[in-house]
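Participant: Next comes the structure file protein24.csv, holding CSV, C-alpha atoms.
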chain,number,residue,atom,x,y,z
A,1,MET,CA,28.4,10.1,160.0
A,2,THR,CA,31.7,11.8,159.2
A,3,LEU,CA,33.1,8.7,157.6
A,4,TRP,CA,29.9,8.2,155.7
A,5,PHE,CA,30.2,11.7,154.3
A,6,VAL,CA,33.8,11.0,153.4
A,7,ALA,CA,32.9,7.8,151.6
A,8,THR,CA,30.0,9.4,149.7
A,9,ARG,CA,31.0,13.0,149.1
A,10,VAL,CA,34.8,13.0,148.6
A,11,PRO,CA,36.3,11.8,145.3
A,12,PRO,CA,38.5,8.7,145.7
A,13,THR,CA,41.6,10.5,144.6
A,14,GLU,CA,41.2,13.1,147.4
A,15,GLN,CA,40.2,10.7,150.1
A,16,GLY,CA,43.8,9.8,151.1
A,17,THR,CA,44.9,13.5,151.3
A,18,TYR,CA,41.9,14.2,153.5
A,19,PHE,CA,42.8,11.5,156.0
A,20,VAL,CA,46.4,12.6,156.2
A,21,LEU,CA,45.4,16.3,156.9
A,22,VAL,CA,42.5,15.5,159.3
A,23,ASN,CA,44.9,13.4,161.4
A,24,LEU,CA,47.3,16.4,161.5
A,25,VAL,CA,44.4,18.4,162.9
A,26,ALA,CA,43.7,15.7,165.5
A,27,LEU,CA,47.3,15.7,166.6
A,28,ALA,CA,46.7,19.0,168.4
A,29,SER,CA,44.1,17.5,170.8
A,30,PHE,CA,46.3,14.4,171.1
A,31,LEU,CA,49.2,16.5,172.4
A,32,GLU,CA,46.9,18.3,174.7
A,33,THR,CA,45.6,15.2,176.4
A,34,GLY,CA,48.8,13.2,176.1
A,35,PRO,CA,52.1,14.9,176.9
A,36,GLY,CA,50.0,17.8,178.2
A,37,THR,CA,49.0,15.8,181.2
A,38,ILE,CA,52.5,16.3,182.6
A,39,ILE,CA,51.7,20.1,182.8
A,40,VAL,CA,48.4,19.2,184.5
A,41,GLN,CA,50.2,17.1,187.1
A,42,PHE,CA,52.8,19.8,187.8
A,43,SER,CA,50.1,22.5,188.1
A,44,ALA,CA,48.0,20.3,190.3
A,45,HIS,CA,50.7,20.2,193.0
A,46,GLU,CA,50.2,24.0,193.4
A,47,SER,CA,46.4,24.1,193.1
A,48,ARG,CA,45.6,23.7,196.8
A,49,LEU,CA,47.2,27.1,197.4
A,50,LEU,CA,45.4,28.8,194.5
A,51,HIS,CA,41.9,29.7,193.4
A,52,TRP,CA,40.2,31.4,190.4
A,53,ALA,CA,39.0,35.0,191.0
A,54,PRO,CA,35.7,36.1,189.5
A,55,ASP,CA,37.6,38.2,186.9
A,56,GLY,CA,39.5,35.2,185.7
A,57,ASP,CA,42.8,35.8,187.5
A,58,LEU,CA,44.6,33.0,189.3
A,59,ALA,CA,44.8,34.2,192.9
A,60,GLY,CA,46.4,32.7,196.0
A,61,GLU,CA,49.9,32.2,197.6
A,62,PRO,CA,52.6,34.3,195.8
A,63,VAL,CA,55.0,31.4,195.7
A,64,ALA,CA,52.4,29.1,194.1
A,65,ARG,CA,51.5,31.7,191.5
A,66,THR,CA,55.2,32.2,190.7
A,67,THR,CA,55.6,28.4,190.3
A,68,ILE,CA,52.6,28.3,188.0
A,69,SER,CA,54.2,31.1,186.0
A,70,ALA,CA,57.4,29.1,185.6
A,71,ILE,CA,55.4,26.0,184.6
A,72,LEU,CA,53.4,28.0,182.0
A,73,HIS,CA,56.5,29.6,180.5
A,74,ARG,CA,58.4,26.4,180.2
A,75,GLY,CA,55.4,24.7,178.7
A,76,LEU,CA,55.1,27.6,176.2
A,77,ARG,CA,58.7,27.3,175.2
A,78,TRP,CA,58.3,23.5,174.7
A,79,TYR,CA,55.1,23.7,172.7
A,80,ALA,CA,56.5,26.6,170.7
A,81,ALA,CA,59.4,24.5,169.6
A,82,ALA,CA,57.0,21.7,168.9
A,83,ALA,CA,54.8,24.0,166.8
A,84,ILE,CA,57.8,25.1,164.7
A,85,ALA,CA,58.9,21.5,164.1
A,86,PHE,CA,55.4,20.5,163.3
A,87,PHE,CA,54.8,23.3,160.8
A,88,THR,CA,58.1,22.6,159.1
A,89,ILE,CA,57.7,18.9,158.8
A,90,ALA,CA,54.0,19.0,157.9
A,91,SER,CA,54.4,21.6,155.3
A,92,VAL,CA,57.4,19.9,153.6
A,93,GLY,CA,55.8,16.5,154.0
A,94,GLY,CA,52.5,17.7,152.6
A,95,LEU,CA,54.2,19.0,149.4
A,96,TRP,CA,56.2,15.8,149.1
A,97,LEU,CA,53.4,13.3,149.9
A,98,ALA,CA,50.1,14.8,148.9
A,99,ILE,CA,50.0,18.0,147.0
A,100,PRO,CA,52.1,17.1,143.9
A,101,ARG,CA,49.7,14.2,143.2
A,102,ASP,CA,46.8,16.5,142.7
A,103,PRO,CA,47.0,18.9,139.8
A,104,ARG,CA,44.8,21.4,141.4
A,105,GLN,CA,47.1,24.0,142.9
A,106,ALA,CA,44.1,25.4,144.9
A,107,LEU,CA,44.8,22.6,147.4
A,108,VAL,CA,48.1,24.1,148.4
A,109,PRO,CA,46.6,27.1,150.4
A,110,TRP,CA,44.2,24.8,152.2
A,111,TRP,CA,47.0,22.6,153.3
A,112,PHE,CA,49.3,25.4,154.5
A,113,PHE,CA,46.5,27.3,156.2
A,114,THR,CA,45.3,24.2,158.0
A,115,VAL,CA,48.8,23.3,159.2
A,116,GLY,CA,49.3,26.9,160.3
A,117,LEU,CA,46.2,26.9,162.4
A,118,VAL,CA,47.1,23.6,164.1
A,119,ALA,CA,50.6,25.0,164.9
A,120,LEU,CA,49.0,28.0,166.5
A,121,TYR,CA,46.8,25.8,168.6
A,122,PHE,CA,50.0,24.2,170.1
A,123,LEU,CA,50.6,27.6,171.8
A,124,LEU,CA,47.3,27.4,173.6
A,125,ILE,CA,47.9,23.9,175.0
A,126,PRO,CA,50.0,25.0,178.1
A,127,PHE,CA,47.3,27.5,179.1
A,128,LEU,CA,44.6,24.9,178.8
A,129,ASN,CA,46.6,22.3,180.8
A,130,VAL,CA,47.5,24.8,183.5
A,131,SER,CA,43.8,25.7,183.8
A,132,GLU,CA,42.9,22.1,184.2
A,133,GLY,CA,45.6,21.5,186.8
A,134,CYS,CA,44.5,24.5,188.8
A,135,GLY,CA,40.9,23.3,189.2
A,136,ALA,CA,39.1,24.5,186.1
A,137,ILE,CA,38.2,20.9,185.1
A,138,LEU,CA,34.5,21.2,184.6
A,139,PRO,CA,34.6,24.5,182.7
A,140,LEU,CA,37.3,23.1,180.5
A,141,GLN,CA,35.3,20.0,179.7
A,142,ARG,CA,32.4,22.1,178.8
A,143,MET,CA,34.6,24.1,176.4
A,144,ARG,CA,35.9,20.9,174.9
A,145,SER,CA,32.4,19.7,174.3
A,146,VAL,CA,31.6,22.9,172.5
A,147,GLN,CA,34.9,22.6,170.7
A,148,ALA,CA,34.1,19.0,169.6
A,149,ALA,CA,30.8,20.2,168.2
A,150,GLY,CA,32.5,23.0,166.3
A,151,ILE,CA,35.0,20.7,164.8
A,152,LEU,CA,32.3,18.3,163.8
A,153,ALA,CA,30.3,21.2,162.2
A,154,GLY,CA,33.3,22.4,160.3
A,155,LEU,CA,34.0,18.9,158.9
A,156,TRP,CA,30.4,18.3,157.9
A,157,ILE,CA,30.0,21.7,156.2
A,158,GLY,CA,33.2,21.1,154.2
A,159,LEU,CA,32.5,17.5,153.3
A,160,LEU,CA,28.9,18.2,152.3
A,161,SER,CA,30.1,21.1,150.1
A,162,GLY,CA,32.5,18.7,148.4
A,163,ASN,CA,35.7,20.3,149.7
A,164,ALA,CA,37.6,17.8,151.8
A,165,LEU,CA,40.6,19.9,152.6
A,166,GLY,CA,38.4,22.9,153.3
A,167,ALA,CA,36.6,20.7,155.8
A,168,CYS,CA,40.0,20.2,157.6
A,169,TRP,CA,40.6,23.9,157.6
A,170,LEU,CA,37.2,24.6,159.1
A,171,ALA,CA,37.8,22.0,161.8
A,172,ALA,CA,41.2,23.5,162.6
A,173,PHE,CA,39.7,27.0,162.7
A,174,ALA,CA,36.9,26.0,165.0
A,175,GLN,CA,39.4,24.1,167.3
A,176,LEU,CA,41.6,27.2,167.6
A,177,VAL,CA,38.9,29.9,167.9
A,178,ILE,CA,36.8,28.1,170.5
A,179,ALA,CA,39.7,27.3,172.8
A,180,GLY,CA,41.3,30.7,172.4
A,181,GLY,CA,38.0,32.5,173.0
A,182,TRP,CA,37.4,30.5,176.1
A,183,LEU,CA,40.8,31.4,177.5
A,184,PHE,CA,40.4,35.1,176.6
A,185,LEU,CA,36.9,35.3,178.2
A,186,THR,CA,37.3,33.2,181.3
A,187,ARG,CA,41.0,32.7,182.0
A,188,HIS,CA,42.6,35.9,180.8
A,189,GLY,CA,44.6,36.1,184.0
A,190,LEU,CA,46.9,33.3,182.6
A,191,LEU,CA,47.4,35.3,179.5
A,192,ARG,CA,48.9,38.1,181.6
A,193,ALA,CA,51.3,35.8,183.5
A,194,SER,CA,54.5,37.5,184.7
A,195,ARG,CA,57.5,37.2,182.4
A,196,ILE,CA,60.0,37.8,185.3
A,197,LEU,CA,60.7,34.5,187.0
A,198,PRO,CA,62.9,33.7,190.0
A,199,ALA,CA,66.1,31.9,188.9
A,200,GLU,CA,65.4,29.0,191.3
A,201,LEU,CA,62.1,28.3,189.4
A,202,ALA,CA,63.0,29.2,185.9
A,203,GLY,CA,66.5,28.0,185.5
A,204,ASN,CA,67.9,25.0,183.7
A,205,GLU,CA,69.4,23.3,186.8
A,206,PRO,CA,68.1,19.7,187.4
A,207,GLY,CA,66.3,20.7,190.6
A,208,THR,CA,64.2,23.6,189.2
A,209,VAL,CA,60.6,23.3,188.3
A,210,ALA,CA,61.2,24.3,184.8
A,211,SER,CA,64.0,21.8,184.2
A,212,ARG,CA,62.0,18.9,185.7
A,213,LEU,CA,59.0,19.8,183.6
A,214,ARG,CA,61.1,20.0,180.4
A,215,THR,CA,62.6,16.5,181.2
A,216,GLU,CA,59.2,14.9,181.9
A,217,LEU,CA,57.6,16.5,178.8
A,218,GLY,CA,60.4,15.1,176.7
A,219,LYS,CA,59.9,11.6,178.1
A,220,SER,CA,56.2,11.7,177.8
A,221,ALA,CA,56.2,13.1,174.3
A,222,GLN,CA,58.4,10.2,173.1
A,223,PHE,CA,55.9,7.7,174.3
A,224,TRP,CA,52.7,9.4,173.2
A,225,ILE,CA,53.9,10.5,169.8
A,226,ALA,CA,55.2,7.0,169.0
A,227,LEU,CA,51.8,5.5,169.9
A,228,TYR,CA,50.1,8.1,167.7
A,229,LEU,CA,52.4,7.8,164.7
A,230,ALA,CA,52.6,4.0,164.7
A,231,PRO,CA,49.3,3.6,162.7
A,232,GLN,CA,49.0,7.1,161.3
A,233,LEU,CA,52.2,6.9,159.2
A,234,LEU,CA,50.6,4.1,157.1
A,235,THR,CA,48.3,6.4,155.2
A,236,PRO,CA,50.8,9.0,154.1
A,237,ALA,CA,53.3,6.2,153.2
A,238,LEU,CA,50.7,4.6,150.9
A,239,LEU,CA,49.7,8.0,149.5
A,240,ARG,CA,53.3,8.4,148.4
A,241,LEU,CA,53.5,4.8,147.1
A,242,ARG,CA,50.1,4.2,145.5
A,243,GLY,CA,48.3,7.5,145.2
A,244,GLY,CA,45.2,9.0,146.8
A,245,SER,CA,42.6,6.3,146.0
A,246,GLU,CA,44.4,3.4,147.7
A,247,ALA,CA,45.5,5.7,150.6
A,248,GLY,CA,41.9,6.8,151.0
A,249,GLN,CA,40.8,3.1,151.4
A,250,LEU,CA,43.4,2.6,154.0
A,251,GLY,CA,42.7,5.8,155.8
A,252,LEU,CA,38.9,5.1,156.0
A,253,THR,CA,39.5,1.5,157.2
A,254,LEU,CA,42.1,2.7,159.7
A,255,ALA,CA,39.7,5.3,161.1
A,256,LEU,CA,37.1,2.6,161.6
A,257,ALA,CA,39.6,0.2,163.2
A,258,LEU,CA,41.0,2.8,165.7
A,259,ALA,CA,37.5,3.9,167.0
A,260,PRO,CA,37.4,1.0,169.5
A,261,LEU,CA,40.9,1.8,170.6
A,262,THR,CA,40.0,5.4,171.4
A,263,ILE,CA,37.1,4.3,173.6
A,264,SER,CA,39.0,1.5,175.4
A,265,VAL,CA,42.0,3.8,176.1
A,266,ALA,CA,39.7,6.4,177.6
A,267,TRP,CA,38.4,3.5,179.8
A,268,LEU,CA,42.0,2.9,181.0
A,269,HIS,CA,42.7,6.6,181.5
A,270,GLY,CA,39.9,6.8,184.0
A,271,ARG,CA,41.9,4.5,186.3
A,272,TYR,CA,45.3,6.2,186.2
A,273,PRO,CA,44.8,8.6,189.1
A,274,ALA,CA,43.9,5.7,191.4
A,275,TYR,CA,47.0,3.8,190.3
A,276,GLY,CA,49.4,6.4,191.8
A,277,ALA,CA,47.4,6.8,195.0
A,278,MET,CA,47.5,3.0,195.7
A,279,VAL,CA,51.2,2.7,194.9
A,280,ALA,CA,51.9,5.7,197.1
A,281,GLY,CA,50.0,4.0,199.9
A,282,ASN,CA,51.9,0.8,199.4
A,283,GLU,CA,48.6,-1.0,198.5
A,284,LEU,CA,50.5,-3.0,195.9
A,285,ALA,CA,48.2,-6.1,195.8
A,286,ALA,CA,45.1,-3.9,195.4
A,287,PHE,CA,46.8,-1.8,192.7
A,288,ASP,CA,47.8,-5.0,190.7
A,289,ARG,CA,44.2,-6.3,191.0
A,290,THR,CA,42.8,-2.9,189.9
A,291,ALA,CA,45.2,-2.6,187.0
A,292,ARG,CA,44.4,-6.1,185.7
A,293,ARG,CA,40.7,-5.6,186.1
A,294,ALA,CA,41.0,-2.2,184.2
A,295,PHE,CA,42.8,-3.9,181.3
A,296,ALA,CA,40.2,-6.7,181.2
A,297,GLU,CA,37.4,-4.2,181.1
A,298,ALA,CA,39.2,-2.1,178.5
A,299,GLY,CA,39.8,-5.2,176.4
A,300,THR,CA,36.1,-6.1,176.7
A,301,VAL,CA,35.2,-2.6,175.5
A,302,PHE,CA,37.6,-2.9,172.7
A,303,VAL,CA,36.3,-6.3,171.5
A,304,ALA,CA,32.7,-5.0,171.7
A,305,GLY,CA,33.7,-1.9,169.7
A,306,CYS,CA,35.3,-4.1,167.0
A,307,VAL,CA,32.2,-6.2,166.7
A,308,GLY,CA,30.1,-3.0,166.4
A,309,VAL,CA,32.3,-1.6,163.7
A,310,ALA,CA,32.4,-4.8,161.8
A,311,LEU,CA,28.6,-5.0,161.8
A,312,LEU,CA,28.3,-1.3,160.8
A,313,VAL,CA,30.6,-1.9,157.9
A,314,ALA,CA,28.6,-5.0,156.8
A,315,ILE,CA,25.3,-3.1,157.0
A,316,ALA,CA,26.7,-0.1,155.2
A,317,THR,CA,28.3,-2.0,152.3
A,318,LYS,CA,25.2,-4.1,151.9
A,319,SER,CA,22.9,-1.1,151.7
A,320,ALA,CA,25.3,0.8,149.5
A,321,PRO,CA,27.5,-1.7,147.6
A,322,GLN,CA,29.5,1.1,146.0
A,323,LEU,CA,31.1,1.7,149.4
A,324,MET,CA,33.0,-1.6,149.1
A,325,LEU,CA,35.3,0.3,146.7
A,326,ARG,CA,36.1,2.9,149.3
A,327,ILE,CA,37.3,0.6,152.2
A,328,LEU,CA,39.6,-2.3,152.4
A,329,PRO,CA,38.4,-6.0,152.5
A,330,SER,CA,37.4,-7.5,155.9
A,331,TYR,CA,40.8,-9.3,156.3
A,332,ALA,CA,42.5,-5.9,156.3
A,333,LEU,CA,40.0,-4.5,158.9
A,334,ILE,CA,40.7,-7.5,161.2
A,335,SER,CA,44.4,-7.0,160.8
A,336,LEU,CA,44.1,-3.4,161.8
A,337,PHE,CA,42.0,-4.5,164.8
A,338,ILE,CA,44.9,-6.7,165.9
A,339,GLY,CA,47.4,-3.9,165.6
A,340,ALA,CA,45.1,-1.6,167.6
A,341,PHE,CA,44.8,-4.1,170.4
A,342,ALA,CA,48.6,-4.3,170.5
A,343,LEU,CA,48.6,-0.5,171.0
A,344,LEU,CA,46.1,-0.9,173.8
A,345,ALA,CA,48.3,-3.5,175.5
A,346,LEU,CA,51.3,-1.3,175.3
A,347,GLN,CA,49.5,1.6,176.9
A,348,ALA,CA,48.2,-0.6,179.7
A,349,MET,CA,51.6,-2.1,180.5
A,350,THR,CA,53.4,1.2,180.4
A,351,ALA,CA,50.8,2.8,182.7
A,352,TRP,CA,51.3,0.0,185.2
A,353,VAL,CA,55.0,0.6,185.4
A,354,ARG,CA,54.6,4.4,185.4
A,355,ALA,CA,52.5,4.2,188.5
A,356,PHE,CA,55.8,3.4,190.3
A,357,ARG,CA,57.4,6.5,188.6
A,358,ARG,CA,59.5,4.2,186.5
A,359,GLU,CA,60.0,4.5,182.7
A,360,GLY,CA,61.4,1.1,182.1
A,361,LEU,CA,59.0,0.4,179.2
A,362,ARG,CA,59.2,3.8,177.5
A,363,THR,CA,62.1,3.0,175.1
A,364,PRO,CA,60.9,-0.6,174.3
A,365,THR,CA,57.4,0.8,173.5
A,366,VAL,CA,58.9,3.5,171.2
A,367,VAL,CA,60.9,0.8,169.4
A,368,ALA,CA,57.8,-1.5,169.2
A,369,CYS,CA,55.8,1.3,167.6
A,370,ALA,CA,58.6,2.0,165.1
A,371,VAL,CA,58.7,-1.7,164.2
A,372,MET,CA,54.9,-1.7,163.7
A,373,SER,CA,55.1,1.3,161.4
A,374,MET,CA,58.0,-0.2,159.4
A,375,GLY,CA,56.0,-3.5,159.1
A,376,GLY,CA,53.1,-1.6,157.7
A,377,ILE,CA,55.2,0.5,155.3
A,378,VAL,CA,57.0,-2.6,154.0
A,379,GLY,CA,53.6,-4.3,153.5
A,380,ALA,CA,52.3,-1.2,151.7
A,381,TRP,CA,55.3,-1.3,149.4
A,382,ASN,CA,54.6,-4.9,148.4
A,383,GLY,CA,50.8,-5.2,148.7
A,384,GLY,CA,49.1,-1.8,148.9
A,385,GLY,CA,46.5,-1.1,151.6
A,386,GLY,CA,45.9,-4.8,152.3
A,387,GLY,CA,49.6,-5.5,152.6
A,388,ALA,CA,50.0,-2.5,154.9
A,389,SER,CA,47.3,-3.8,157.2
A,390,VAL,CA,48.7,-7.3,157.4
A,391,GLY,CA,52.3,-6.0,157.8
A,392,PHE,CA,51.2,-3.7,160.6
A,393,ALA,CA,49.4,-6.5,162.4
A,394,THR,CA,52.3,-9.0,162.0
A,395,ALA,CA,54.8,-6.5,163.2
A,396,ALA,CA,52.5,-5.6,166.2
A,397,VAL,CA,52.4,-9.3,167.3
A,398,ILE,CA,56.1,-9.7,166.9
A,399,SER,CA,57.1,-6.5,168.7
A,400,LEU,CA,54.5,-7.0,171.5
A,401,LEU,CA,56.1,-10.3,172.7
A,402,PRO,CA,59.4,-8.9,173.9
A,403,VAL,CA,57.7,-5.9,175.5
A,404,THR,CA,55.4,-8.2,177.4
A,405,ALA,CA,58.4,-10.2,178.6
A,406,LEU,CA,60.1,-7.0,179.8
A,407,PHE,CA,56.8,-5.9,181.5
A,408,LEU,CA,56.6,-9.2,183.4
A,409,LEU,CA,60.1,-8.7,184.7
A,410,GLU,CA,59.3,-5.1,185.7
A,411,ARG,CA,56.1,-6.2,187.4
A,412,LYS,CA,57.9,-8.8,189.4
A,413,ARG,CA,60.6,-6.3,190.5
A,414,CYS,CA,58.0,-3.7,191.5
A,415,LEU,CA,55.8,-6.0,193.5
A,416,ASN,CA,58.7,-7.5,195.3
For this file, produce the structure as structure tokens.
Facilitator:
Amino acid sequence: MTLWFVATRVPPTEQGTYFVLVNLVALASFLETGPGTIIVQFSAHESRLLHWAPDGDLAGEPVARTTISAILHRGLRWYAAAAIAFFTIASVGGLWLAIPRDPRQALVPWWFFTVGLVALYFLLIPFLNVSEGCGAILPLQRMRSVQAAGILAGLWIGLLSGNALGACWLAAFAQLVIAGGWLFLTRHGLLRASRILPAELAGNEPGTVASRLRTELGKSAQFWIALYLAPQLLTPALLRLRGGSEAGQLGLTLALALAPLTISVAWLHGRYPAYGAMVAGNELAAFDRTARRAFAEAGTVFVAGCVGVALLVAIATKSAPQLMLRILPSYALISLFIGAFALLALQAMTAWVRAFRREGLRTPTVVACAVMSMGGIVGAWNGGGGGASVGFATAAVISLLPVTALFLLERKRCLN
């Protein structure tokens, strides 16, 4: 429904700018459920000694509470730095890529206010992740459901009123206010976390909790941000090269192509906790079977999603032929499906190796994502949106082959 509103209510020249900004809004939740899982894991190690008091305080063993405080403060420092970097890059990038191409200076405040709200949300992520790691899983998921509804309502209100960037601002506002309100009303004990931390927990020495968390966050962020940016850089690149109309076609087509990837990756994520448990128990054969079955199931979900999206596009364009001018041709959609499947395979292989607490595929995956982005940008330079899609798919296939070879070597080494 959201993509339908974009295609029918947003002028073609604004469509590209909308997709660039809405993806910046989505980056906040991506960082929460991507690198933020490291904070969840660190907090979960202390959760057996802690419990939530009725007034929202985190009660339990003093040492565990102090460790959680160290985790929270290190996470806040990390995400504060990420927020500053994000706001700087997104602000300058927005002026360079999008705003100068639209003569209406009224778009400038929408862009900066939206980016500012997303940067503020970064500061809430450590609190949310610590809450999840300390057992508030179900309440947090309820909040996220309300949050998703609020984001959707903000997007629809803005799009139906004909203000695409205003829709992004409303979505970012709902995202921030709902999460912040939930923390204030139900987990305010975390907001009063002690600022005085023992040196053995808060220091920078390699053995401290804070130092290990910072290291793991850095490693995880490289992987997750590379996966996120690999396809998302195509739209702003085309916006710079060809303008809002062509970038809007690519953005809408890319959003459709990535929908099956989102569902299939969620399918994979549901198996990750079992991976570590089986490896820790030395059940390597069972782990390998489970991982292969999970990838086969995720692949099936992905293919079914691609078929559903293709049918949806065919029905929509047949009932409203004018929509054919707002999306790319079918060959471009298929090309983006191929690139999305490569991203799914990269995540599956990296998760397999990470179950052994090894990061042997992190750097190759980051390099593969960079190659995919460059392939798409070169294609956009030469052939617009269609060229970007084909270049992205070609680079995905080429870069996936060496990573797969490295994975097979790592798999053999781990199982032996």
Participant: May I have the residues at most 9 Å from (57.0, -2.5, 168.7) in the file's coordinates, counting only C-alpha atoms, as a PyMOL selection string?
Facilitator: chain A and resi 230+342-343+346+364-373+395-403
Participant: At a cut-off of 8 Å, using all atoms listed in the file, what residues contact range 152-164 of chain A? Leave out same-chain residues fewer than 6 positions from it and give the result as a list in words.
Facilitator: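 Close residues of range 152-164 of chain A: Thr2, Phe5, Val6, Arg9, Val10, Glu14, Gln15, Tyr18, Leu170, Ala171 and Ala174 of chain A.
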Participant: So what do you get for CA of Phe223 in chain A versus CA of Ala82 in chain A, distance-wise?
Facilitator: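 Separating CA of Phe223 in chain A from CA of Ala82 in chain A is a distance of 15.0 Å.
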Participant: Separation of CA of Thr262 in chain A and CA of Val20 in chain A, in Å?
Facilitator: 18.0 Å
Participant: Record the distance separating CA of Leu238 in chain A and CA of Ala259 in chain A, expressed in Å with one decimal.
Facilitator: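 CA of Ala259 in chain A lies at a distance of 20.8 Å from CA of Leu238 in chain A.
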Participant: Closest to Ala237 in chain A among A:Thr114, A:Arg77, A:Ile68, A:Ala388, using only C-alpha atoms?
Facilitator: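 Looking at the shortest contact to Ala237 in chain A, the residue is A:Ala388.
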Participant: Taking only C-alpha atoms into account, name the residue in A:Gln147, A:Thr350, A:Gln322, A:Ser245 that is nearest to Trp182 in chain A.
Facilitator: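 Closest candidate: A:Gln147.
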Participant: Determine the nearest neighbour of Leu176 in chain A from the options A:Leu123, A:Leu254, A:Ala332, A:Leu408, counting only C-alpha atoms.
Facilitator: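 Ranked by minimum distance to Leu176 in chain A, first place goes to A:Leu123.
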Participant: Smallest atom-to-atom distance to Gly376 in chain A: which of A:Val63, A:Leu328, A:Leu336, A:Met278, using only C-alpha atoms?
Facilitator: A:Leu336
Participant: So which residues touch Leu124 in chain A within 9 Å, counting only C-alpha atoms, skipping near sequence neighbours fewer than 6 positions away, as a list in words?
Facilitator: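 After dropping sequence-adjacent residues, the list is Leu76, Tyr79, Leu176, Ala179, Gly180 and Leu183 of chain A.
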Participant: Restricting the calculation to all atoms listed in the file: of A:Arg144, A:His188, A:Arg214, A:Arg48, which residue gets closest to Gln175 in chain A?
Facilitator: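 Answer, going by the shortest atom-to-atom distance: A:Arg144.
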Participant: Let me make sure I understand: among A:Gly116, A:Pro321, A:Gly60, A:Gly281, which one has the smallest atom-to-atom distance to Ala7 in chain A if we use only C-alpha atoms?
Facilitator: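 So, comparing all the options, the nearest one is A:Pro321.
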